[in-house]
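Visitor: Got a file for you: data-v3.txt, compact mmCIF, C-alpha atoms and all ligand atoms.
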# COMPACT_ATOMS: atom_id res chain seq x y z
CA MET A 1 13.32 0.33 0.30
CA THR A 2 10.73 3.01 -0.18
CA ASP A 3 8.79 3.92 2.93
CA TRP A 4 5.48 2.33 1.91
CA LEU A 5 7.23 -1.03 1.72
CA ASP A 6 9.11 -0.50 4.92
CA ALA A 7 6.54 -2.24 7.06
CA SER A 8 7.54 -4.71 9.71
CA PRO A 9 6.38 -8.33 9.29
CA GLY A 10 3.50 -7.52 11.60
CA GLY A 11 2.33 -4.62 9.50
CA ARG A 12 2.28 -1.15 10.93
CA ALA A 13 0.20 0.33 13.69
CA ARG A 14 -1.93 3.29 12.72
CA ASN A 15 -1.82 6.65 14.38
CA GLY A 16 -5.57 7.00 14.42
CA VAL A 17 -7.86 8.28 17.15
CA PRO A 18 -9.92 6.05 19.48
CA ALA A 19 -13.24 4.81 18.07
CA GLU A 20 -15.39 7.09 20.30
CA GLU A 21 -13.49 10.16 19.16
CA PHE A 22 -13.88 9.15 15.53
CA GLU A 23 -17.61 8.58 16.01
CA GLU A 24 -17.94 12.04 17.48
CA LEU A 25 -16.30 13.47 14.35
CA VAL A 26 -18.85 11.64 12.20
CA ARG A 27 -21.67 13.02 14.34
CA ARG A 28 -20.33 16.52 13.81
CA MET A 29 -20.04 15.90 10.10
CA LEU A 30 -23.69 14.79 9.98
CA ALA A 31 -24.72 17.90 11.90
CA GLY A 32 -22.56 19.95 9.55
CA LEU A 33 -24.55 18.60 6.63
CA GLY A 34 -27.69 19.91 8.32
CA GLU A 35 -28.79 16.48 9.53
CA ASP A 36 -29.96 15.57 13.01
CA PRO A 37 -27.47 12.93 14.27
CA ASP A 38 -29.97 11.99 16.99
CA ARG A 39 -32.76 10.89 14.71
CA ASP A 40 -33.44 7.16 14.73
CA GLY A 41 -31.95 6.29 11.36
CA LEU A 42 -28.66 8.03 12.13
CA LEU A 43 -28.10 6.95 15.71
CA LYS A 44 -25.80 4.07 14.83
CA THR A 45 -24.34 5.70 11.74
CA PRO A 46 -21.20 7.11 13.39
CA GLU A 47 -20.32 3.67 14.72
CA ARG A 48 -20.96 2.04 11.35
CA VAL A 49 -18.97 4.67 9.47
CA GLU A 50 -16.06 4.33 11.85
CA LYS A 51 -15.96 0.54 11.43
CA SER A 52 -16.46 0.64 7.70
CA LEU A 53 -13.82 3.30 7.04
CA ARG A 54 -11.28 1.48 9.16
CA TRP A 55 -11.98 -1.72 7.26
CA LEU A 56 -11.83 0.01 3.90
CA THR A 57 -8.42 1.42 4.80
CA ARG A 58 -7.00 -1.66 6.51
CA GLY A 59 -4.19 -1.73 3.96
CA TYR A 60 -2.32 0.69 6.24
CA GLU A 61 -1.88 -2.19 8.66
CA LEU A 62 -0.77 -4.68 6.02
CA SER A 63 2.60 -5.13 4.42
CA VAL A 64 3.56 -6.92 1.25
CA GLN A 65 5.83 -9.18 3.26
CA ASP A 66 2.84 -10.18 5.42
CA VAL A 67 0.57 -11.19 2.60
CA VAL A 68 3.21 -12.89 0.47
CA GLY A 69 4.64 -14.77 3.42
CA ASP A 70 6.69 -17.75 2.32
CA ALA A 71 4.80 -18.27 -0.94
CA ILE A 72 7.87 -17.44 -3.04
CA PHE A 73 9.38 -20.41 -4.82
CA ASP A 74 12.56 -21.04 -6.77
CA GLU A 75 11.61 -21.89 -10.30
CA GLY A 76 13.37 -21.87 -13.65
CA HIS A 77 10.26 -20.74 -15.54
CA HIS A 78 11.08 -17.74 -17.72
CA ASN A 79 7.81 -17.10 -19.48
CA MET A 80 5.25 -14.43 -18.82
CA VAL A 81 2.83 -15.03 -15.96
CA ILE A 82 -0.42 -13.05 -16.15
CA VAL A 83 -3.26 -12.77 -13.66
CA LYS A 84 -6.14 -10.84 -15.14
CA ASP A 85 -9.31 -9.34 -13.74
CA ILE A 86 -8.31 -9.03 -10.10
CA GLU A 87 -11.21 -7.22 -8.42
CA MET A 88 -10.18 -3.96 -6.84
CA TYR A 89 -12.01 -1.55 -4.55
CA SER A 90 -10.35 1.58 -3.27
CA LEU A 91 -11.14 5.08 -2.00
CA CYS A 92 -10.03 8.18 -3.85
CA GLU A 93 -8.04 10.38 -1.53
CA HIS A 94 -9.51 13.57 -2.95
CA HIS A 95 -13.18 12.88 -2.23
CA LEU A 96 -13.15 9.74 -0.04
CA LEU A 97 -15.40 8.16 -2.64
CA PRO A 98 -14.88 4.69 -4.07
CA PHE A 99 -13.14 3.82 -7.26
CA PHE A 100 -13.25 0.22 -8.36
CA GLY A 101 -12.44 -2.01 -11.26
CA LYS A 102 -10.01 -4.61 -12.49
CA VAL A 103 -6.29 -5.05 -12.05
CA HIS A 104 -4.19 -7.05 -14.51
CA VAL A 105 -0.75 -8.09 -13.35
CA ALA A 106 2.04 -9.73 -15.33
CA TYR A 107 5.61 -10.58 -14.59
CA ILE A 108 8.48 -12.49 -16.14
CA PRO A 109 10.31 -14.47 -13.45
CA ASP A 110 14.04 -14.48 -12.96
CA GLY A 111 14.43 -17.52 -10.72
CA LYS A 112 11.51 -16.86 -8.38
CA ILE A 113 7.75 -17.18 -8.72
CA VAL A 114 5.01 -16.24 -6.27
CA GLY A 115 1.85 -18.20 -5.43
CA LEU A 116 -0.78 -16.86 -7.83
CA SER A 117 -3.33 -16.34 -5.08
CA LYS A 118 -0.93 -13.85 -3.50
CA LEU A 119 -1.19 -11.34 -6.33
CA PRO A 120 -4.73 -10.22 -5.42
CA ARG A 121 -3.56 -9.85 -1.84
CA VAL A 122 -0.68 -7.62 -2.86
CA VAL A 123 -3.24 -5.47 -4.69
CA GLU A 124 -5.31 -5.32 -1.47
CA VAL A 125 -2.39 -4.00 0.57
CA PHE A 126 -2.35 -0.84 -1.54
CA ALA A 127 -5.98 -0.63 -2.69
CA ARG A 128 -7.27 -0.58 0.89
CA ARG A 129 -5.81 2.83 1.55
CA LEU A 130 -6.69 6.33 0.44
CA GLN A 131 -5.38 6.35 -3.09
CA VAL A 132 -5.12 7.80 -6.51
CA GLN A 133 -5.25 5.22 -9.26
CA GLU A 134 -1.90 6.23 -10.72
CA ARG A 135 -0.06 5.67 -7.43
CA LEU A 136 -1.87 2.40 -6.76
CA THR A 137 -0.73 1.09 -10.15
CA GLU A 138 2.86 2.12 -9.50
CA GLN A 139 2.94 0.72 -5.96
CA VAL A 140 1.71 -2.72 -7.01
CA ALA A 141 4.31 -2.87 -9.78
CA GLN A 142 7.11 -1.61 -7.55
CA ALA A 143 6.22 -4.02 -4.74
CA LEU A 144 6.41 -7.00 -7.08
CA MET A 145 9.74 -5.78 -8.46
CA GLU A 146 11.13 -5.64 -4.93
CA VAL A 147 9.67 -8.91 -3.68
CA LEU A 148 10.34 -11.09 -6.75
CA ARG A 149 13.27 -9.35 -8.45
CA PRO A 150 11.82 -10.52 -11.77
CA GLN A 151 12.89 -9.57 -15.28
CA GLY A 152 9.94 -7.23 -15.39
CA VAL A 153 6.47 -6.39 -14.12
CA ALA A 154 3.45 -4.89 -15.85
CA VAL A 155 0.33 -3.65 -14.11
CA VAL A 156 -2.78 -2.26 -15.80
CA ILE A 157 -5.76 -0.96 -13.84
CA GLU A 158 -9.13 -0.09 -15.35
CA ALA A 159 -11.45 1.64 -12.92
CA ALA A 160 -14.62 3.65 -12.57
CA HIS A 161 -14.49 6.57 -10.14
CA LEU A 162 -17.65 7.45 -8.25
CA CYS A 163 -16.28 10.94 -7.63
CA MET A 164 -16.52 11.51 -11.38
CA MET A 165 -19.70 9.51 -11.98
CA MET A 166 -21.82 10.76 -9.08
CA ARG A 167 -20.71 14.37 -9.22
CA GLY A 168 -21.46 14.56 -12.91
CA VAL A 169 -17.93 15.65 -13.77
CA GLU A 170 -17.76 13.12 -16.54
CA LYS A 171 -20.24 10.90 -18.22
CA GLN A 172 -21.34 7.80 -16.38
CA ASN A 173 -19.50 5.16 -18.32
CA SER A 174 -16.03 6.59 -18.51
CA ARG A 175 -13.24 4.37 -17.24
CA THR A 176 -9.76 5.38 -16.28
CA VAL A 177 -6.93 3.14 -17.44
CA THR A 178 -3.47 3.38 -15.90
CA SER A 179 -0.38 1.27 -16.45
CA ALA A 180 3.03 0.76 -14.91
CA MET A 181 5.75 -1.07 -16.85
CA LYS A 182 9.01 -2.16 -15.24
CA GLY A 183 12.11 -3.97 -16.48
CA VAL A 184 11.67 -5.85 -19.75
CA PHE A 185 8.10 -4.59 -20.12
CA LEU A 186 9.52 -1.08 -20.28
CA GLU A 187 12.62 -1.87 -22.32
CA ASP A 188 11.30 -4.40 -24.80
CA LEU A 189 8.47 -3.35 -27.08
CA ARG A 190 7.66 -6.93 -28.11
CA THR A 191 7.26 -8.07 -24.51
CA ARG A 192 4.97 -5.13 -23.80
CA GLU A 193 2.94 -5.82 -26.92
CA GLU A 194 2.60 -9.50 -26.05
CA PHE A 195 1.24 -8.52 -22.64
CA LEU A 196 -1.23 -6.03 -24.08
CA ARG A 197 -2.35 -8.55 -26.69
CA LEU A 198 -2.91 -11.22 -24.02
CA LEU A 199 -4.98 -8.71 -22.04
CA ARG A 200 -7.29 -8.27 -24.98
CA VAL A 201 -7.95 -12.01 -25.20
CA ASN A 202 -11.49 -12.48 -23.88
CA SER A 203 -11.95 -8.80 -24.70
CA VAL A 204 -10.88 -7.59 -21.28
CA LEU A 205 -10.07 -4.18 -22.71
CA GLY A 206 -12.84 -4.24 -25.27
ZN ZN B 1 -12.02 11.68 -6.35
What is this file in structure tokens?

Guide:
Amino acid sequence: MTDWLDASPGGRARNGVPAEEFEELVRRMLAGLGEDPDRDGLLKTPERVEKSLRWLTRGYELSVQDVVGDAIFDEGHHNMVIVKDIEMYSLCEHHLLPFFGKVHVAYIPDGKIVGLSKLPRVVEVFARRLQVQERLTEQVAQALMEVLRPQGVAVVIEAAHLCMMMRGVEKQNSRTVTSAMKGVFLEDLRTREEFLRLLRVNSVLG
């Protein structure tokens, strides 16, 4: 197993610093920006930032095994299963700014299916970390390959990146689309095309 899946059933402990130490770092960052960390509006900011960043990166403490639990069932179904429009919020590891959008996941079972409500939770495990969209896409696909051993997995993510939008690097409405195809989705053009066609139903991809 790859190391990001190698989490114990209880998830993994983080090697972070204590909350007070983290808050002090945020105070110094505020001062570094030329702000006065002691003014009224900023007094509680270090505490809030510490809590919010830990929550936004709680995926480090989660494992796929945790969130899937025992919701894997033996089933002879061999047709494509698609869950579209899974909401996703993550933080880009280059700027610590949000990127967010929709995740579309498909798989073709090979004897095992997973409870559909678990797919968004698998996305959470990896989205709630510092990420790049390409790796997030690959990790979700790879995790499902390892957990379900299906005939194939396809993951498409469409996202808007605040680091591009707010910094004026690109125009406001650009979206980044990434995909990861595994197994039959990679090997069989017709399967891949069926998936992409089903994604366009309800004009998900425009
Ligand atoms: Zn960025």

Visitor: Would you list the contacts of Leu97 in chain A as a PyMOL selection string, taking every protein, DNA or RNA residue within 9 Å and counting only C-alpha atoms, but skipping same-chain residues closer than 4 positions in sequence?

Guide: chain A and resi 90-93+161-163

Visitor: Taking all atoms listed in the file into account, which of A:Val105, A:Val153, A:Leu42, A:Met166 comes nearest Thr191 in chain A?

Guide: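 Among the listed residues, A:Val153 lies closest to Thr191 in chain A.
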
Visitor: Tell me, in Å to one decimal, how far CA of Phe195 in chain A is from CA of Gln133 in chain A.

Guide: 20.2 Å

Visitor: Counting only C-alpha atoms, which residue out of A:Ser63, A:Glu194, A:Leu189, A:Asn79 sits closest to Gln139 in chain A?

Guide: A:Ser63

Visitor: Expressed in Å to a single decimal, how great is the separation between CA of Ala159 in chain A and CA of Thr178 in chain A?

Guide: 8.7 Å

Visitor: Restricting the calculation to only C-alpha atoms: of A:Arg121, A:Lys182, A:Arg135, A:Arg27, which residue gets closest to Ile86 in chain A?

Guide: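 That would be A:Arg121, the residue with the smallest distance to Ile86 in chain A.
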
Visitor: Got a sec: who's within 8 Å of Val83 in chain A, counting all atoms listed in the file, leaving out chain neighbours fewer than 4 positions off, as an NGL selection string?

Guide: :A and (104-106 or 116 or 119)

Visitor: Take the residues that were just selected and, keeping C-alpha atoms, output them as a JSON list (two decimals), in the coordinates of the input.

Guide:
[["chain", "number", "residue", "atom", "x", "y", "z"],
["A", 104, "HIS", "CA", -4.19, -7.05, -14.51],
["A", 105, "VAL", "CA", -0.75, -8.09, -13.35],
["A", 106, "ALA", "CA", 2.04, -9.73, -15.33],
["A", 116, "LEU", "CA", -0.78, -16.86, -7.83],
["A", 119, "LEU", "CA", -1.19, -11.34, -6.33]]

Visitor: If I wrap all listed atoms of range 131-144 of chain A in a box with edges along x, y and z and add 5 Å on each side, what are its centre and edge lengths in Å to one decimal, as JSON?

Guide:
{"center_x": 0.9, "center_y": 0.4, "center_z": -6.9, "size_x": 22.5, "size_y": 24.8, "size_z": 17.6}

Visitor: Please provide the set of residues having any atom within 10 Å of Glu24 in chain A, restricted to all atoms listed in the file, with same-chain residues fewer than 5 positions apart removed, written as a PDB file with C-alpha atoms, in the frame of the given file.

Guide:
ATOM      1  CA  ALA A  19     -13.240   4.810  18.070  1.00  0.00           C
ATOM      2  CA  MET A  29     -20.040  15.900  10.100  1.00  0.00           C
ATOM      3  CA  LEU A  30     -23.690  14.790   9.980  1.00  0.00           C
ATOM      4  CA  PRO A  46     -21.200   7.110  13.390  1.00  0.00           C
ATOM      5  CA  GLU A  47     -20.320   3.670  14.720  1.00  0.00           C
ATOM      6  CA  GLU A  50     -16.060   4.330  11.850  1.00  0.00           C
TER       7      GLU A  50
END

Visitor: Give the answer as one residue: which of A:Leu186, A:Ile113, A:Met164, A:Ile108 has the shortest atom-to-atom distance to Gln151 in chain A, using only C-alpha atoms?

Guide: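 Looking only at the distances to Gln151 in chain A, the closest residue turns out to be A:Ile108.
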
Visitor: Which residue, A:Met80, A:Leu196, A:Leu56, A:Met181, has the smallest gap to Ala127 in chain A when you use only C-alpha atoms?

Guide: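 The answer is A:Leu56, which sits nearest to Ala127 in chain A.
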
Visitor: Quick one: everything within 10 Å of Arg129 in chain A, counting all atoms listed in the file, minus sequence neighbours fewer than 2 positions away in the same chain. Send it as a list in words.

Guide: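 In the requested form, the answer reads Leu53, Arg54, Trp55, Leu56, Thr57, Arg58, Gly59, Tyr60, Glu61, Tyr89, Ser90, Leu91, Cys92, Glu93, Glu124, Val125, Phe126, Ala127, Gln131, Val132 and Leu136 of chain A.
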
Visitor: What's the separation between CA of Lys84 in chain A and CA of Val103 in chain A, in Å to one decimal place?

Guide: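 For CA of Lys84 in chain A relative to CA of Val103 in chain A, the distance reads 6.6 Å.
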
Visitor: My list of candidates is A:Gly183, A:Gly32, A:Pro98, A:Gly41. Which is closest to ligand ZN 1 (chain B) when distances are computed with all atoms listed in the file?

Guide: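 Going through A:Gly183, A:Gly32, A:Pro98, A:Gly41 one by one, the smallest distance to ligand ZN 1 (chain B) is for A:Pro98.
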